[in-house]
Structure formats: structure tokens, C-alpha cells
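So this one's data38.txt, compact mmCIF, C-alpha atoms:
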# COMPACT_ATOMS: atom_id res chain seq x y z
CA MET A 4 -70.34 31.86 9.20
CA ALA A 5 -69.43 28.59 7.55
CA SER A 6 -66.36 30.15 5.99
CA SER A 7 -65.18 31.51 9.39
CA ASN A 8 -65.70 28.03 10.85
CA ALA A 9 -63.71 26.61 7.97
CA GLU A 10 -61.01 29.21 8.60
CA LYS A 11 -60.92 28.31 12.28
CA ALA A 12 -60.66 24.66 11.38
CA THR A 13 -57.79 25.23 8.94
CA ASP A 14 -56.07 27.45 11.54
CA GLN A 15 -56.31 24.69 14.09
CA LEU A 16 -55.05 22.16 11.57
CA ASN A 17 -52.09 24.38 10.76
CA LYS A 18 -51.29 24.92 14.44
CA SER A 19 -51.41 21.23 15.21
CA SER A 20 -49.24 20.32 12.23
CA ASN A 21 -46.72 22.98 13.31
CA ALA A 22 -46.71 21.56 16.79
CA LEU A 23 -46.20 18.10 15.34
CA ASN A 24 -43.27 19.38 13.29
CA ASN A 25 -41.71 20.94 16.39
CA VAL A 26 -41.96 17.63 18.18
CA MET A 27 -40.61 15.64 15.23
CA MET A 28 -37.65 17.91 14.35
CA PRO A 29 -35.46 17.49 17.47
CA THR A 30 -35.19 13.72 17.14
CA THR A 31 -33.89 13.88 13.59
CA LYS A 32 -31.50 16.68 14.59
CA THR A 33 -30.07 14.72 17.52
CA LYS A 34 -29.83 11.63 15.36
CA THR A 35 -27.69 13.38 12.73
CA LYS A 36 -25.59 15.18 15.35
CA LEU A 37 -24.68 11.99 17.14
CA LEU A 38 -24.15 10.11 13.93
CA LYS A 39 -21.39 12.64 13.24
CA ARG A 40 -19.77 11.67 16.57
CA ASP A 41 -19.82 7.99 15.63
CA LEU A 42 -18.42 8.79 12.20
CA MET A 43 -15.61 10.82 13.76
CA VAL A 44 -14.67 7.95 16.07
CA LEU A 45 -14.62 5.62 13.06
CA CYS A 46 -12.34 7.97 11.11
CA LEU A 47 -10.01 8.33 14.08
CA ARG A 48 -9.87 4.57 14.45
CA VAL A 49 -8.88 4.16 10.81
CA LEU A 50 -6.11 6.74 11.24
CA ALA A 51 -4.93 5.02 14.42
CA VAL A 52 -4.81 1.68 12.57
CA LEU A 53 -2.62 3.26 9.89
CA ALA A 54 -0.30 4.94 12.39
CA THR A 55 0.24 1.90 14.62
CA ALA A 56 0.53 -0.46 11.65
CA SER A 57 3.24 1.68 10.08
CA ALA A 58 5.09 1.91 13.39
CA THR A 59 4.97 -1.88 13.81
CA ILE A 60 6.06 -2.68 10.25
CA VAL A 61 8.85 -0.10 10.06
CA MET A 62 10.33 -1.22 13.37
CA ALA A 63 9.93 -4.93 12.65
CA LEU A 64 11.74 -4.69 9.32
CA ASN A 65 14.47 -2.51 10.76
CA LYS A 66 17.76 -4.21 10.02
CA GLN A 67 21.17 -3.08 8.93
CA THR A 68 24.35 -4.98 8.22
CA LYS A 69 27.65 -3.20 8.10
CA SER A 70 31.16 -4.52 7.77
CA PHE A 71 33.99 -3.09 9.80
CA VAL A 72 37.69 -3.39 9.24
CA VAL A 73 39.16 -4.92 12.36
CA ALA A 74 42.81 -5.52 11.51
CA THR A 75 45.12 -5.52 8.57
CA ILE A 76 47.45 -8.40 7.79
CA GLY A 77 49.92 -7.40 5.15
CA ASN A 78 47.80 -5.93 2.40
CA ASN A 79 44.54 -7.72 3.23
CA PRO A 80 42.14 -6.04 5.67
CA ILE A 81 40.10 -8.37 7.87
CA LYS A 82 36.46 -7.43 7.85
CA VAL A 83 33.81 -8.31 10.39
CA SER A 84 30.19 -7.75 9.53
CA ILE A 85 27.89 -6.69 12.33
CA THR A 86 24.11 -6.68 12.10
CA ALA A 87 21.79 -4.35 13.94
CA LYS A 88 18.29 -5.82 14.29
CA PHE A 89 15.27 -4.79 16.27
CA ASN A 90 15.12 -7.99 18.29
CA HIS A 91 18.53 -7.42 19.82
CA THR A 92 16.81 -4.98 22.18
CA PRO A 93 13.90 -6.25 24.35
CA ALA A 94 12.42 -2.74 24.48
CA PHE A 95 11.97 -2.69 20.71
CA VAL A 96 10.43 -6.15 20.76
CA PHE A 97 7.91 -4.88 23.32
CA PHE A 98 7.34 -1.81 21.15
CA VAL A 99 6.52 -3.98 18.12
CA ILE A 100 4.21 -6.25 20.14
CA ALA A 101 2.36 -3.33 21.80
CA ASN A 102 1.79 -1.45 18.56
CA GLY A 103 0.74 -4.64 16.80
CA ASN A 104 -1.83 -5.23 19.50
CA ALA A 105 -3.11 -1.67 19.22
CA CYS A 106 -3.49 -2.08 15.45
CA LEU A 107 -5.38 -5.38 15.78
CA HIS A 108 -7.62 -3.98 18.51
CA ASN A 109 -8.62 -1.00 16.40
CA LEU A 110 -9.31 -3.23 13.40
CA VAL A 111 -11.58 -5.42 15.55
CA MET A 112 -13.33 -2.32 16.90
CA ILE A 113 -13.94 -1.00 13.37
CA ALA A 114 -15.35 -4.38 12.33
CA MET A 115 -17.55 -4.44 15.42
CA ASP A 116 -18.81 -0.96 14.65
CA LEU A 117 -19.68 -1.79 11.07
CA PHE A 118 -20.86 -5.39 11.26
CA GLY A 119 -21.44 -6.23 14.89
CA SER A 120 -24.88 -4.87 15.63
CA LYS A 121 -26.41 -8.33 15.45
CA PHE A 122 -24.56 -9.84 18.39
CA ASP A 123 -25.92 -9.90 21.91
CA TYR A 124 -23.57 -8.08 24.26
CA LYS A 125 -25.92 -8.27 27.25
CA GLY A 126 -25.84 -4.52 27.78
CA LEU A 127 -22.07 -4.38 28.18
CA ARG A 128 -21.10 -3.16 24.74
CA LEU A 129 -20.17 0.42 25.56
CA ALA A 130 -18.44 -0.48 28.81
CA LEU A 131 -16.42 -3.20 27.07
CA ILE A 132 -15.32 -0.81 24.32
CA ALA A 133 -14.25 1.83 26.86
CA ILE A 134 -12.32 -0.60 29.09
CA LEU A 135 -10.52 -2.29 26.19
CA ASP A 136 -9.61 1.09 24.70
CA MET A 137 -8.09 2.17 28.01
CA MET A 138 -6.06 -1.01 28.28
CA ILE A 139 -4.74 -0.71 24.75
CA VAL A 140 -3.71 2.92 25.14
CA ALA A 141 -1.87 2.07 28.37
CA LEU A 142 -0.03 -0.78 26.59
CA ALA A 143 0.92 1.42 23.65
CA ALA A 144 2.12 4.18 26.00
CA ALA A 145 4.32 1.71 27.86
CA GLY A 146 5.81 0.43 24.59
CA ASP A 147 6.53 3.96 23.42
CA GLY A 148 8.19 4.96 26.68
CA ALA A 149 10.55 2.00 26.68
CA ALA A 150 11.51 2.35 23.00
CA THR A 151 12.07 6.12 23.31
CA PHE A 152 14.58 5.81 26.10
CA MET A 153 16.32 2.84 24.56
CA SER A 154 16.83 4.74 21.30
CA GLU A 155 18.00 7.81 23.23
CA LEU A 156 20.57 5.55 24.86
CA GLY A 157 21.64 4.27 21.45
CA LYS A 158 21.91 7.79 20.10
CA ASN A 159 23.80 9.44 22.92
CA GLY A 160 25.36 6.55 24.77
CA ASN A 161 26.00 6.74 28.49
CA SER A 162 29.50 7.85 29.36
CA HIS A 163 29.06 7.05 33.03
CA ALA A 164 28.39 3.39 32.36
CA GLN A 165 30.88 3.16 29.49
CA TRP A 166 28.15 2.41 26.96
CA ASN A 167 29.10 3.71 23.55
CA LYS A 168 26.60 5.21 21.19
CA ILE A 169 25.77 3.14 18.13
CA CYS A 170 23.89 5.64 15.97
CA ASP A 171 26.97 7.12 14.38
CA LYS A 172 27.83 3.74 12.89
CA PHE A 173 24.33 2.58 12.05
CA GLU A 174 22.69 5.78 10.90
CA PRO A 175 19.95 4.38 8.59
CA TYR A 176 18.90 1.92 11.33
CA CYS A 177 18.54 4.78 13.79
CA ASN A 178 16.64 6.95 11.31
CA ARG A 179 14.13 4.19 10.58
CA GLY A 180 13.68 3.59 14.30
CA ALA A 181 13.04 7.30 14.80
CA ALA A 182 10.41 7.27 12.05
CA ALA A 183 8.65 4.30 13.67
CA LEU A 184 8.69 6.10 17.03
CA ALA A 185 7.24 9.30 15.55
CA SER A 186 4.45 7.33 13.89
CA SER A 187 3.62 5.57 17.12
CA PHE A 188 3.49 8.87 19.01
CA ALA A 189 0.86 10.06 16.54
CA GLY A 190 -0.93 6.75 17.12
CA ILE A 191 -0.89 7.31 20.90
CA ILE A 192 -2.46 10.75 20.57
CA LEU A 193 -5.18 9.35 18.32
CA LEU A 194 -5.76 6.43 20.69
CA LEU A 195 -6.08 8.84 23.62
CA ILE A 196 -8.71 10.89 21.77
CA ILE A 197 -10.57 7.70 20.82
CA THR A 198 -10.51 6.51 24.44
CA GLY A 199 -11.83 9.85 25.66
CA MET A 200 -14.67 9.70 23.17
CA SER A 201 -15.49 6.09 24.13
CA ILE A 202 -15.73 7.13 27.78
CA ILE A 203 -17.96 10.07 26.83
CA LYS A 204 -20.15 7.68 24.83
CA LEU A 205 -20.35 5.45 27.88
CA LEU A 206 -21.46 8.31 30.09
CA LYS A 207 -23.83 9.95 27.62
CA PRO A 208 -25.04 7.38 25.14
CA ASN A 209 -27.19 8.23 22.16
CA ARG A 210 -30.66 7.01 23.03
CA ILE A 211 -31.44 6.20 19.42
CA ASN A 212 -28.27 4.53 18.22
CA ASP A 213 -26.66 3.02 21.31
CA ILE A 214 -29.69 1.67 23.09
CA VAL A 215 -29.24 -1.68 21.34
CA PRO A 216 -27.54 -4.38 23.45
CA MET B 5 -22.22 -0.36 52.95
CA ALA B 6 -21.70 2.43 50.46
CA LYS B 7 -19.83 4.42 53.09
CA THR B 8 -17.51 1.48 53.75
CA THR B 9 -16.80 1.14 50.04
CA SER B 10 -16.07 4.84 49.65
CA VAL B 11 -13.79 4.80 52.70
CA CYS B 12 -12.07 1.76 51.20
CA TYR B 13 -11.39 3.61 47.95
CA LEU B 14 -10.20 6.71 49.77
CA LEU B 15 -7.74 4.47 51.57
CA LEU B 16 -6.67 3.05 48.20
CA ARG B 17 -5.96 6.56 46.95
CA VAL B 18 -3.90 7.33 50.04
CA LEU B 19 -1.93 4.11 49.53
CA ALA B 20 -1.34 4.90 45.85
CA PHE B 21 -0.07 8.36 46.80
CA GLY B 22 2.20 6.76 49.38
CA ALA B 23 3.53 4.26 46.86
CA THR B 24 4.45 6.95 44.28
CA LEU B 25 6.00 9.10 47.01
CA SER B 26 8.12 6.23 48.25
CA SER B 27 9.28 5.35 44.73
CA ILE B 28 10.44 8.96 44.24
CA ILE B 29 12.30 8.99 47.53
CA VAL B 30 13.98 5.63 46.97
CA MET B 31 15.05 6.47 43.41
CA SER B 32 16.41 9.91 44.23
CA THR B 33 18.49 8.66 47.14
CA SER B 34 20.09 5.87 45.13
CA HIS B 35 23.71 6.82 44.89
CA GLU B 36 26.82 4.69 45.08
CA THR B 37 30.45 5.36 44.50
CA VAL B 38 32.82 2.46 44.02
CA ASN B 39 36.57 2.72 43.94
CA PHE B 40 38.65 -0.01 42.45
CA PHE B 41 42.36 0.54 42.07
CA THR B 42 42.57 4.20 41.06
CA VAL B 43 39.37 4.39 39.07
CA SER B 44 36.26 5.61 40.85
CA PHE B 45 32.92 4.62 39.40
CA GLU B 46 29.89 6.59 40.45
CA ALA B 47 26.30 5.56 39.86
CA LYS B 48 23.54 8.10 40.35
CA TYR B 49 20.01 8.35 39.03
CA THR B 50 20.74 11.63 37.19
CA HIS B 51 23.20 9.85 34.91
CA SER B 52 20.35 8.21 33.05
CA SER B 53 17.58 10.16 31.38
CA ALA B 54 15.06 7.34 31.82
CA PHE B 55 15.45 7.46 35.60
CA MET B 56 15.10 11.25 35.57
CA TYR B 57 11.87 10.86 33.58
CA PHE B 58 10.77 8.24 36.12
CA VAL B 59 11.30 10.61 39.05
CA ILE B 60 9.61 13.54 37.32
CA ALA B 61 6.59 11.54 36.15
CA ASN B 62 6.14 9.91 39.55
CA SER B 63 6.31 13.28 41.30
CA VAL B 64 3.63 14.67 38.98
CA VAL B 65 1.42 11.66 39.73
CA ALA B 66 2.12 12.03 43.47
CA VAL B 67 1.05 15.70 43.43
CA TYR B 68 -2.12 14.72 41.54
CA GLY B 69 -2.83 11.93 44.03
CA PHE B 70 -2.45 14.33 46.91
CA LEU B 71 -4.81 16.90 45.37
CA VAL B 72 -7.48 14.33 44.51
CA LEU B 73 -7.73 13.35 48.18
CA PHE B 74 -9.28 16.74 48.89
CA VAL B 75 -12.02 16.75 46.24
CA PRO B 76 -15.35 16.77 48.15
CA SER B 77 -17.67 13.92 47.28
CA GLY B 78 -20.64 14.79 45.08
CA SER B 79 -19.01 17.80 43.47
CA PHE B 80 -18.84 18.35 39.71
CA LEU B 81 -15.06 17.86 39.74
CA TRP B 82 -15.44 14.09 39.79
CA GLN B 83 -16.14 14.11 36.06
CA PHE B 84 -12.66 15.50 35.48
CA VAL B 85 -11.21 12.93 37.87
CA ILE B 86 -11.98 10.17 35.35
CA PHE B 87 -10.08 11.93 32.58
CA PHE B 88 -7.14 12.87 34.80
CA ASP B 89 -7.00 9.36 36.26
CA LEU B 90 -6.63 7.97 32.74
CA VAL B 91 -3.95 10.47 31.70
CA PHE B 92 -1.88 10.04 34.86
CA THR B 93 -2.14 6.26 34.75
CA LEU B 94 -0.75 6.45 31.21
CA LEU B 95 2.09 8.67 32.41
CA LEU B 96 2.87 6.30 35.26
CA THR B 97 2.91 3.21 33.05
CA SER B 98 5.14 4.89 30.49
CA SER B 99 7.62 5.97 33.18
CA VAL B 100 7.72 2.49 34.75
CA SER B 101 8.27 0.93 31.33
CA ALA B 102 11.10 3.32 30.42
CA ALA B 103 12.92 2.86 33.74
CA LEU B 104 12.46 -0.91 33.49
CA ALA B 105 14.01 -0.94 29.99
CA MET B 106 17.04 1.02 31.25
CA ALA B 107 17.37 -1.15 34.35
CA TYR B 108 17.26 -4.29 32.22
CA VAL B 109 20.19 -3.05 30.14
CA GLY B 110 22.02 -2.18 33.33
CA LYS B 111 21.48 -5.62 34.77
CA LYS B 112 21.92 -7.87 31.77
CA GLY B 113 23.80 -5.66 29.34
CA ASN B 114 23.33 -5.77 25.60
CA ARG B 115 25.99 -7.89 24.01
CA TYR B 116 25.09 -6.90 20.45
CA ALA B 117 25.82 -3.25 21.17
CA GLY B 118 28.83 -3.99 23.33
CA TRP B 119 27.24 -2.65 26.51
CA LEU B 120 28.45 -4.41 29.63
CA PRO B 121 26.15 -4.89 32.65
CA VAL B 122 26.76 -2.45 35.43
CA CYS B 123 25.02 -4.11 38.36
CA GLY B 124 28.02 -6.24 39.26
CA GLN B 125 30.00 -3.16 40.24
CA VAL B 126 27.27 -1.20 42.04
CA PRO B 127 24.91 -3.74 43.67
CA LYS B 128 23.48 -1.38 46.30
CA TYR B 129 22.44 1.12 43.61
CA CYS B 130 20.82 -1.66 41.60
CA HIS B 131 18.84 -2.90 44.59
CA GLN B 132 17.53 0.57 45.33
CA VAL B 133 16.47 1.07 41.72
CA THR B 134 14.70 -2.31 41.84
CA GLY B 135 12.88 -1.23 45.00
CA ALA B 136 11.76 2.04 43.43
CA LEU B 137 10.49 0.20 40.34
CA ALA B 138 8.56 -2.31 42.46
CA SER B 139 6.92 0.49 44.43
CA ALA B 140 5.91 2.32 41.26
CA PHE B 141 4.50 -0.91 39.82
CA ILE B 142 2.31 -1.37 42.91
CA ALA B 143 1.14 2.26 42.54
CA LEU B 144 0.32 1.52 38.91
CA ILE B 145 -1.88 -1.46 39.83
CA MET B 146 -3.69 0.69 42.40
CA TYR B 147 -4.24 3.48 39.89
CA ILE B 148 -5.70 1.05 37.32
CA SER B 149 -8.23 -0.25 39.86
CA LEU B 150 -9.04 3.34 40.87
CA LEU B 151 -9.64 4.22 37.22
CA PHE B 152 -12.13 1.39 36.81
CA HIS B 153 -13.78 2.34 40.08
CA SER B 154 -14.20 6.01 39.18
CA ILE B 155 -15.90 5.11 35.89
CA TYR B 156 -18.15 2.64 37.72
CA THR B 157 -19.06 5.25 40.36
CA ILE B 158 -19.76 8.16 38.04
CA LEU B 159 -21.90 5.99 35.77
CA PRO B 160 -25.14 5.94 37.79
CA LEU B 161 -24.70 9.55 38.87
CA LEU B 162 -25.12 10.77 35.29
CA GLN B 163 -28.17 8.56 34.69
CA VAL B 164 -27.02 6.37 31.87
CA GLY B 165 -29.50 4.20 29.97
CA LYS B 166 -27.50 1.06 29.46
CA THR B 167 -30.53 -1.29 29.22
As a first step, turn the structure in this file into C-alpha cells.
Amino acid sequence: MASSNAEKATDQLNKSSNALNNVMMPTTKTKTKLLKRDLMVLCLRVLAVLATASATIVMALNKQTKSFVVATIGNNPIKVSITAKFNHTPAFVFFVIANGNACLHNLVMIAMDLFGSKFDYKGLRLALIAILDMMIVALAAAGDGAATFMSELGKNGNSHAQWNKICDKFEPYCNRGAAALASSFAGIILLLIITGMSIIKLLKPNRINDIVP
Amino acid sequence: MAKTTSVCYLLLRVLAFGATLSSIIVMSTSHETVNFFTVSFEAKYTHSSAFMYFVIANSVVAVYGFLVLFVPSGSFLWQFVIFFDLVFTLLLTSSVSAALAMAYVGKKGNRYAGWLPVCGQVPKYCHQVTGALASAFIALIMYISLLFHSIYTILPLLQVGKT
């Protein structure tokens, strides 16, 4: 009789501890699942910093000087040296500024993610991140659009407006510009994914991690 | 009060659709032929790839704006409207920026590359392109405010704990 009571008691103890485990398990599972989402956003931000930084630096240091023979007097050719720089074209200047801003913004966001949990954002943290991300991706998209068409104009010229192409004379300049453009396209795709994830975080925040102000 | 606000934003969407539609129409009818001496100089929007991209992107955004007007309120499709609003605003801003870069070269030229400005010869074409760009810029501002509004509206519907 006493042993059956003891058995019943141990059974009840086991059942209650199982129930307790079932209640405890989901929270740790959701915590690790959503920590993966935050980690993915952080990795994407680091990649976006690298892509936009390389686009900015390659375009900003893009310069080529070439000397052309203009006329020949007797035996001496007269040479004129022409420089192709990125700031001759306003579209490339805008491209450099937009990508520089995108790089700085992502660096600040990474710092905020790692070190900024002590500040008081008054409940606006997720909304601020989402809105700033949207603004930066729009700026970077505008910079890319302008630079793409300006370099297409430099590569093919426009016969209707009598604008000659310049890429056949300044080939390394054009190739470096193309590399900067390709890098910034990769940056735009990454920024778009990051913005989408920030908006998803805004709409479905993690009740454990993001509930802080 | 809420009904007035929602009617207000529906009106904003109609205006944004109208603005993109008008920018397409103005850009695609910009055409000028100038004859001086024996040389005829024709300016059309198809001569420049940036203006073609501008017309195509604006027509895509116009079709989207037209379709969004018919989404019934309270349906599940409004979650996708946020994402599509963002993507099409990006498309619109990129097209405006590209056309603006091309128009700047047309107006001021680029003396380092030896490109002469074209607007002196075809002023009517240049004015029409300016009008199309201004209309698309207004549409862009409207789409940005609509993007912020759709995030603000969907937020309480999905019960967010923002504390």
C-alpha cells in the first residue's frame, strides 16, 4: 500500500516535471531561432559594408591620364595630356556620395546592434532602423541608376547628339568604373534584403530580444 | 476620422498614379526636329537609353498604382503592398535619377569629354523632358509618403508589442 502510494507520488512527480519541461522548451527554441535571424542580419550588414565601401573607394580613386598626339611640327610631335577623373561627371560624384553614405549607415547600424542596447530609444528603435534602412536603399538605388546610364553613355556614345564615346581611349578607367558599379549592384541587393528583414522585424518582433526600448 | 484618413490616402494613390501616367505621356510625346541649313537634327526620347528606362520604369509603376487601387481594405494582400511599395519606390527613384543625369549632360554638356549641350538647338524637347521629370519627382514624393503610411497602418493590425 505504501509502495503503491510512493509509486503514485513518483508518477505524479514525473508527469509534472515533464509538463514543466514542455512549457520551458519552446522559449529556448524560439530564442535560438530568432537569434539566428539577428545573426543573419548582422552578417548581411557586414557584407553590405564591404560591397559599398569597395564601390566607393574604387570609383573615388578612378583616374587615368593619357597623352595624345595632336599635331606634328617637323619631326617633333606635340602631345596633349588629358585626364579622366570621376569628379568630371556629376553622376559619379553622386554615386560616390550615395555609396559612402550607405557604408557609414551600415557601420553605425552594426555598432548599434553590438553596443547600443544601453541607450533609451523610447520605443522607436525598430521603427527607426526600418525607416533609415529604406531611405539608404533608395539613395543607393538612385546613385546606381545615374552612374549606370552615364557609363553606358561613355561606353557607347550617342550618335544623335554627336557625343563621342570615351571608353575606347580610356579603357582602364572604364573597366575600373564597371567594377565599382558591379560591386555597388551587389551592395544594393544586400541592402534590399536587409531592409526587408528590418521591416519583418518591425512587424513581428522577438518578444525576448527586441522588447527592450 | 479614420474613414477620412483612408479616403485621403486613397486619393493620394490616385494622384500618384496620375503623376506617373502623365510623366509617361509627356516623355513619350517629346519629339522635335530642327533643320538648320541642310542638316536636320532630330531629338526623340528613344535616342537615349536612360529616357527609355525612365518610360518603362514609370509605366511599370503606373500599372502597379492602378492595381493597388482595387485591393479591398482589410484583406491579407496589404502585407504584400508594403513590400511592393518599397520595391517600386526604388525603381521610380532609380529611373528619375538616371533620366536626370542624362538631362543634365544634355543641358550643360560635359566639357571634359567633349560633349556639347544639346538644349540650345532643341528647346521644346528639353522643356518637355523637364516637365516629365518634374511629374515623376512629384510621384516619387507621393510614393515615399505612401510607403511610410502603409507601414504605419499595417503595424497595429498585426499586433506588434513595441512597448
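Counting all atoms listed in the file, Ile203 of chain A has the following residues at most 12 Å away, ignoring those fewer than 4 positions along the same chain: Leu37, Arg40, Asp41, Val44, Leu129, Ala130, Ile132, Ala133, Ile196, Ile197, Thr198, Gly199, Lys207, Pro208 and Asn209 of chain A; Gln83, Phe84, Ile86, Phe87, Ile155, Ile158, Leu159, Leu162 and Val164 of chain B.
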Å distance separating atom CA of Gly22 of chain B from atom CA of Leu94 of chain B, one decimal place
18.4 Å
Leaving out segment 64-70 of chain A and any residue of its chain fewer than 6 positions from it, which residues lie within 8 Å of it when counting only C-alpha atoms, given as a ChimeraX atom specification?
/A:82-89,173,175-176,179-180
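If all atoms listed in the file are the atoms counted, then among B:Asn114, B:Gly135, B:Ala105, B:Thr97 the closest residue to Ser32 of chain B is B:Gly135.
Using all atoms listed in the file for every distance, the candidate list B:Val43, B:Cys130, B:Val75, B:Ile28 yields B:Cys130 as the residue closest to Ala107 of chain B.
Between atom CA of Ala143 of chain B and atom CA of Ala23 of chain B there is a distance of 5.3 Å.
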For a quick check of understanding, using only C-alpha atoms, which of A:Asn109, A:Asp171, A:His163, A:Leu194 has the smallest distance to Thr37 of chain B?
A:His163
Could you please select, counting all atoms listed in the file, the residues of chain A within 7 Å of chain B and state them as a PyMOL selection string?
chain A and resi 91+94+126+141+144-145+148-149+152-153+163-164+166+206-207+214
Write out, as a short mmCIF file (atom, residue, chain, number, x, y, z; two decimals), in the coordinates of the input, the residues just selected, with C-alpha atoms.
data_model
loop_
_atom_site.label_atom_id
_atom_site.label_comp_id
_atom_site.auth_asym_id
_atom_site.auth_seq_id
_atom_site.Cartn_x
_atom_site.Cartn_y
_atom_site.Cartn_z
CA HIS A 91 18.53 -7.42 19.82
CA ALA A 94 12.42 -2.74 24.48
CA GLY A 126 -25.84 -4.52 27.78
CA ALA A 141 -1.87 2.07 28.37
CA ALA A 144 2.12 4.18 26.00
CA ALA A 145 4.32 1.71 27.86
CA GLY A 148 8.19 4.96 26.68
CA ALA A 149 10.55 2.00 26.68
CA PHE A 152 14.58 5.81 26.10
CA MET A 153 16.32 2.84 24.56
CA HIS A 163 29.06 7.05 33.03
CA ALA A 164 28.39 3.39 32.36
CA TRP A 166 28.15 2.41 26.96
CA LEU A 206 -21.46 8.31 30.09
CA LYS A 207 -23.83 9.95 27.62
CA ILE A 214 -29.69 1.67 23.09
#
Fewer than 2 positions away in the same chain doesn't count, so skip those; otherwise give me all residues within 7 Å of Thr55 of chain A, counting all atoms listed in the file, as an mmCIF file with C-alpha atoms, in the coordinates of the input.
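Resulting contents of selection_26.cif:
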data_model
loop_
_atom_site.group_PDB
_atom_site.id
_atom_site.type_symbol
_atom_site.label_atom_id
_atom_site.label_comp_id
_atom_site.auth_asym_id
_atom_site.auth_seq_id
_atom_site.Cartn_x
_atom_site.Cartn_y
_atom_site.Cartn_z
ATOM 1 C CA ALA A 51 -4.930 5.020 14.420
ATOM 2 C CA VAL A 52 -4.810 1.680 12.570
ATOM 3 C CA LEU A 53 -2.620 3.260 9.890
ATOM 4 C CA SER A 57 3.240 1.680 10.080
ATOM 5 C CA ALA A 58 5.090 1.910 13.390
ATOM 6 C CA THR A 59 4.970 -1.880 13.810
ATOM 7 C CA ASN A 102 1.790 -1.450 18.560
ATOM 8 C CA GLY A 103 0.740 -4.640 16.800
ATOM 9 C CA ALA A 105 -3.110 -1.670 19.220
ATOM 10 C CA CYS A 106 -3.490 -2.080 15.450
ATOM 11 C CA SER A 186 4.450 7.330 13.890
ATOM 12 C CA SER A 187 3.620 5.570 17.120
ATOM 13 C CA GLY A 190 -0.930 6.750 17.120
#
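When only C-alpha atoms are used to compute distances to Ala136 of chain B, the closest of the residues B:Phe40, B:Phe88, B:Phe58, B:Trp82 turns out to be B:Phe58.
When atom CA of Ser154 of chain B is paired with atom CA of Ala20 of chain B, their separation reads 14.5 Å.
Using only C-alpha atoms, the smallest distance between any of A:Cys177, A:Leu195, A:Ala150, A:Ile81 and Met137 of chain A comes from A:Leu195.
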Name the residues in contact with Ser34 of chain B at a cut-off of 7 Å, using all atoms listed in the file, excluding same-chain residues fewer than 4 positions from it; report them as an NGL selection string.
:B and (30 or 48-49 or 129 or 132-133)
